[in-house]
2 protein chains.
Amino acid sequence: MARTAGSHSDITGPRIRAAAQQLFARQGYAAVSMRQIAAEVGVQAGALYNYTPDKQSLLYDLMVTHMEDLLRALPEPAGRPVARLEAFVRFHIAFHVERPDAVFIAYMELRNLTPENFEIIEGLRRRYEDHLEAILREGAEEGAFKMADTKVTTLAVIAMLTGVTTWFREGGRLAVNELQDVYWDLVRKTVGVSV
Amino acid sequence: MARTAGSHSDITGPRIRAAAQQLFARQGYAAVSMRQIAAEVGVQAGALYNYTPDKQSLLYDLMVTHMEDLLRALPEPAGRPVARLEAFVRFHIAFHVERPDAVFIAYMELRNLTPENFEIIEGLRRRYEDHLEAILREGAEEGAFKMADTKVTTLAVIAMLTGVTTWFREGGRLAVNELQDVYWDLVRKTVGVSV
DNA sequence: CTTGGTTTTGAACATCCGTTCAGTTAGCCA
DNA sequence: TGGCTAACTGAACGGATGTTCAAAACCAAG
């Protein structure tokens, strides 16, 4: 028997990406086999190759999609640096808390990309950092922020914000909007904005 | 030919651990084979099993050693919360910058531990967090620190500090002591200590 | 120089890996 | 209703995986 009843390209493709994302996040790219992904979708391993040229592309596609979604969803620059920073912080928290698997993969599986693919993802990641750095630099110039080192502060703020995904679970002690409040308070103080 | 001239148990054991640490950090636990580790040491794969019962134990030993070193090296509590926090920050930066491979493994390979081993490592990690949380809580009680949420601030500070290992390279723009100064300034403001 | 014990080799084990492809089936269009 | 093609199966490919173990080689002590 071949081709299970009712299944189509439009269905199977997304299901493969979803299964890969979940498995890569939980077990790691190298520890997940194509047969495992196929089983999760309810298909034989060979069928995966109608949707991806190889395993590496599956990983790369997930990462590139995530990073492009992230950059596209960035709030438009508007207002003074303080307001823009607050918008950035709230956005970052909401976006990352919403897709823990994709975030996990984007940070943990960089070393499993081929050098060419790594270069591209790294470039997208740098664009995101640059976005925050521009806000901080502008705020520093107009005297709204006080920091010893803008570059280090940029990386420190991103690390602080992204760290939220390692412990936050929906339905816990804090709701997402409370989380945003707490982190905005932390970042505000970190960049030297007084109340 | 068996047994290369001049080699001994006291030599091979540490070299296996060193090779495993370097390879696990660069490529990830699942992507590294026992034959690869053996080749790095200059030995056949079978010889590794004189020093470790299996691959999993090799990973677990590296992680447990790292975490116990970390806890043992923690500065003794002395003085007021502000002084203790500063000591903690400077210690954390110095310790982590010194052993990037071990730090990388400790954060990235948790999911490749068996459940029992994970439980133990997780416990050690929590002890480290509790150490910082105690400092912050004490400082909050005596009014030296001002934070919206002590628990979240603890995790945020650790994430911020540990993030340094993702970009810092010895011999770059900043020396370690400058790095400590910058991060102490960041943390100080984050917990609400005015200058 | 021989003996004894430690350390390592090299081959073998069963099983898994990513990937390919000829053949089979399911659903759509005429 | 019959034919066409997209979708999928199932088997096969060469090679890699963690682990075991008898045999070999080495070093040190007597």
# chains A, B, ... in the order shown; residues from 1 in each chain; ligands from 1
>>> residues_around(residues="Ser194 of chain A", least_positions_apart="2", cutoff="10 Å", atoms="only C-alpha atoms (C1' of nucleotides)", output="ChimeraX atom specification")
/A:144-146,188-192 /B:192
>>> select_by_dssp(residues="segment 28-178 of chain A", states="alpha helix (DSSP H)", output="PyMOL selection string")
chain A and resi 34-41+55-73+81-98+100-108+115-141+150-162+176-178
>>> write_last_selection(atoms="C-alpha atoms", output="compact mmCIF listing (two decimals), in the first residue's frame")
# COMPACT_ATOMS: atom_id res chain seq x y z
CA MET A 34 14.73 11.21 9.63
CA ARG A 35 12.83 8.01 10.46
CA GLN A 36 11.81 9.54 13.79
CA ILE A 37 10.44 12.65 12.09
CA ALA A 38 8.63 10.51 9.53
CA ALA A 39 7.07 8.36 12.24
CA GLU A 40 5.80 11.47 14.03
CA VAL A 41 4.06 12.52 10.80
CA LYS A 55 18.14 16.91 6.78
CA GLN A 56 20.36 19.98 6.88
CA SER A 57 17.86 22.01 4.81
CA LEU A 58 15.13 21.06 7.24
CA LEU A 59 17.12 22.66 10.06
CA TYR A 60 18.16 25.65 8.01
CA ASP A 61 14.59 26.34 6.85
CA LEU A 62 13.33 26.33 10.43
CA MET A 63 16.01 28.75 11.54
CA VAL A 64 15.72 31.10 8.60
CA THR A 65 11.95 31.22 8.94
CA HIS A 66 12.24 31.98 12.63
CA MET A 67 14.79 34.75 12.19
CA GLU A 68 12.89 36.38 9.34
CA ASP A 69 9.65 36.25 11.31
CA LEU A 70 11.52 37.89 14.18
CA LEU A 71 12.92 40.71 12.08
CA ARG A 72 9.64 41.26 10.25
CA ALA A 73 7.70 41.47 13.52
CA PRO A 81 14.55 56.12 22.63
CA VAL A 82 12.95 55.29 25.99
CA ALA A 83 9.59 54.51 24.40
CA ARG A 84 11.26 52.57 21.62
CA LEU A 85 13.28 50.54 24.10
CA GLU A 86 10.16 49.72 26.09
CA ALA A 87 8.39 48.61 22.91
CA PHE A 88 11.40 46.47 22.00
CA VAL A 89 11.51 44.78 25.41
CA ARG A 90 7.79 44.00 25.46
CA PHE A 91 7.95 42.73 21.90
CA HIS A 92 10.97 40.52 22.56
CA ILE A 93 9.38 38.89 25.60
CA ALA A 94 6.05 38.25 23.89
CA PHE A 95 7.62 36.93 20.71
CA HIS A 96 10.04 34.57 22.44
CA VAL A 97 7.62 33.24 25.02
CA GLU A 98 5.22 32.37 22.22
CA PRO A 100 9.93 28.33 22.75
CA ASP A 101 10.86 25.51 20.35
CA ALA A 102 11.93 27.81 17.53
CA VAL A 103 13.93 29.99 19.94
CA PHE A 104 15.64 26.99 21.45
CA ILE A 105 16.70 25.72 18.04
CA ALA A 106 17.87 29.14 16.88
CA TYR A 107 20.27 29.36 19.85
CA MET A 108 21.35 25.75 20.25
CA PRO A 115 29.35 27.12 7.23
CA GLU A 116 27.39 28.81 4.42
CA ASN A 117 24.07 28.44 6.23
CA PHE A 118 25.65 29.57 9.50
CA GLU A 119 26.88 32.73 7.84
CA ILE A 120 23.37 33.65 6.73
CA ILE A 121 21.70 32.97 10.07
CA GLU A 122 24.47 34.80 11.89
CA GLY A 123 23.85 37.80 9.65
CA LEU A 124 20.16 37.86 10.52
CA ARG A 125 20.98 37.58 14.20
CA ARG A 126 23.38 40.49 13.94
CA ARG A 127 20.70 42.60 12.27
CA TYR A 128 18.50 42.01 15.29
CA GLU A 129 21.28 42.99 17.69
CA ASP A 130 22.01 46.07 15.62
CA HIS A 131 18.41 47.14 15.95
CA LEU A 132 18.68 47.19 19.73
CA GLU A 133 22.14 48.71 19.66
CA ALA A 134 20.85 51.61 17.54
CA ILE A 135 18.18 52.37 20.12
CA LEU A 136 20.70 52.30 22.95
CA ARG A 137 23.21 54.42 21.08
CA GLU A 138 20.64 57.04 20.24
CA GLY A 139 19.42 57.16 23.82
CA ALA A 140 22.99 57.49 25.06
CA GLU A 141 23.66 60.39 22.68
CA THR A 150 26.94 50.34 24.69
CA LYS A 151 28.00 47.21 22.80
CA VAL A 152 28.31 45.06 25.91
CA THR A 153 25.04 46.45 27.26
CA THR A 154 23.30 45.46 24.01
CA LEU A 155 24.49 41.87 24.29
CA ALA A 156 23.77 41.76 28.02
CA VAL A 157 20.20 42.97 27.54
CA ILE A 158 19.53 40.43 24.79
CA ALA A 159 20.99 37.62 26.90
CA MET A 160 18.89 38.70 29.86
CA LEU A 161 15.70 38.87 27.80
CA THR A 162 16.24 35.65 25.90
CA VAL A 176 3.00 37.31 30.03
CA ASN A 177 2.06 40.94 30.62
CA GLU A 178 3.40 40.78 34.18
>>> interface_residues(of="chain D", to="chain A", cutoff="10 Å", atoms="only C-alpha atoms (C1' of nucleotides)", output="list in words")
DA6, DA7, DC8, DT9 and DG10 of chain D
>>> atom_distance(atom1="atom C1' of DA29 of chain D", atom2="atom C1' of DG5 of chain C")
10.7 Å
>>> residues_around(residues="segment 11-23 of chain C", least_positions_apart="2", cutoff="9 Å", atoms="only C-alpha atoms (C1' of nucleotides)", output="number ranges by chain")
A: 33-34, 46, 49, 54-55; D: 9, 12-13, 15-17, 19-20
>>> write_last_selection(atoms="C-alpha atoms (C1' of nucleotides)", output="PDB file, in the first residue's frame")
ATOM      1  CA  SER A  33      16.695  10.712  12.816  1.00  0.00           C
ATOM      2  CA  MET A  34      14.732  11.214   9.630  1.00  0.00           C
ATOM      3  CA  GLY A  46      11.502   8.287   2.027  1.00  0.00           C
ATOM      4  CA  TYR A  49      12.437  13.832   0.550  1.00  0.00           C
ATOM      5  CA  ASP A  54      18.089  16.741   2.983  1.00  0.00           C
ATOM      6  CA  LYS A  55      18.142  16.911   6.776  1.00  0.00           C
TER       7      LYS A  55
ATOM      8  C1'  DT D   9       5.843   2.776   0.232  1.00  0.00           C
ATOM      9  C1'  DA D  12      17.976  -1.456  -0.480  1.00  0.00           C
ATOM     10  C1'  DC D  13      22.708   1.219  -0.455  1.00  0.00           C
ATOM     11  C1'  DG D  15      28.771   3.376   5.893  1.00  0.00           C
ATOM     12  C1'  DA D  16      28.814   4.797  10.880  1.00  0.00           C
ATOM     13  C1'  DT D  17      27.313   3.909  15.584  1.00  0.00           C
ATOM     14  C1'  DT D  19      30.188  -1.535  22.899  1.00  0.00           C
ATOM     15  C1'  DT D  20      32.628  -6.128  23.804  1.00  0.00           C
TER      16       DT D  20
END
>>> interface_residues(of="chain C", to="chain A", cutoff="7 Å", atoms="only C-alpha atoms (C1' of nucleotides)", output="VMD selection string")
chain C and resid 24 to 26
>>> closest_residue(among="A:Asp149, A:Glu76, A:Glu142, A:Asp10", to="chain B", atoms="only C-alpha atoms")
A:Asp149
>>> atom_distance(atom1="atom CA of Arg15 of chain B", atom2="atom C1' of DT8 of chain C")
15.2 Å
>>> atom_distance(atom1="atom CA of Asp181 of chain A", atom2="atom CA of Tyr183 of chain B")
22.8 Å
>>> closest_residue(among="B:Ala30, B:Leu113, B:Ala175, B:Leu74", to="chain A", atoms="only C-alpha atoms")
B:Ala30
>>> closest_residue(among="A:Gly143, A:Gly42, A:Gly163, A:Gly79", to="chain B", atoms="only C-alpha atoms")
A:Gly163
>>> decode(residues="segment 12-26 of chain C", atoms="C-alpha atoms (C1' of nucleotides)", output="tab-separated table (two decimals), in the first residue's frame")
chain	number	residue	atom	x	y	z
C	12	DA	C1'	33.54	-8.32	15.41
C	13	DC	C1'	28.56	-7.54	17.14
C	14	DA	C1'	23.93	-5.90	16.02
C	15	DT	C1'	21.78	-1.81	14.92
C	16	DC	C1'	21.15	2.49	13.17
C	17	DC	C1'	22.03	6.37	9.88
C	18	DG	C1'	20.78	9.58	5.56
C	19	DT	C1'	19.46	8.95	1.14
C	20	DT	C1'	17.77	6.80	-3.38
C	21	DC	C1'	14.42	4.72	-6.32
C	22	DA	C1'	11.43	1.41	-8.75
C	23	DG	C1'	6.95	0.27	-7.99
C	24	DT	C1'	2.26	1.00	-6.06
C	25	DT	C1'	-1.73	3.65	-4.84
C	26	DA	C1'	-5.07	7.67	-4.32
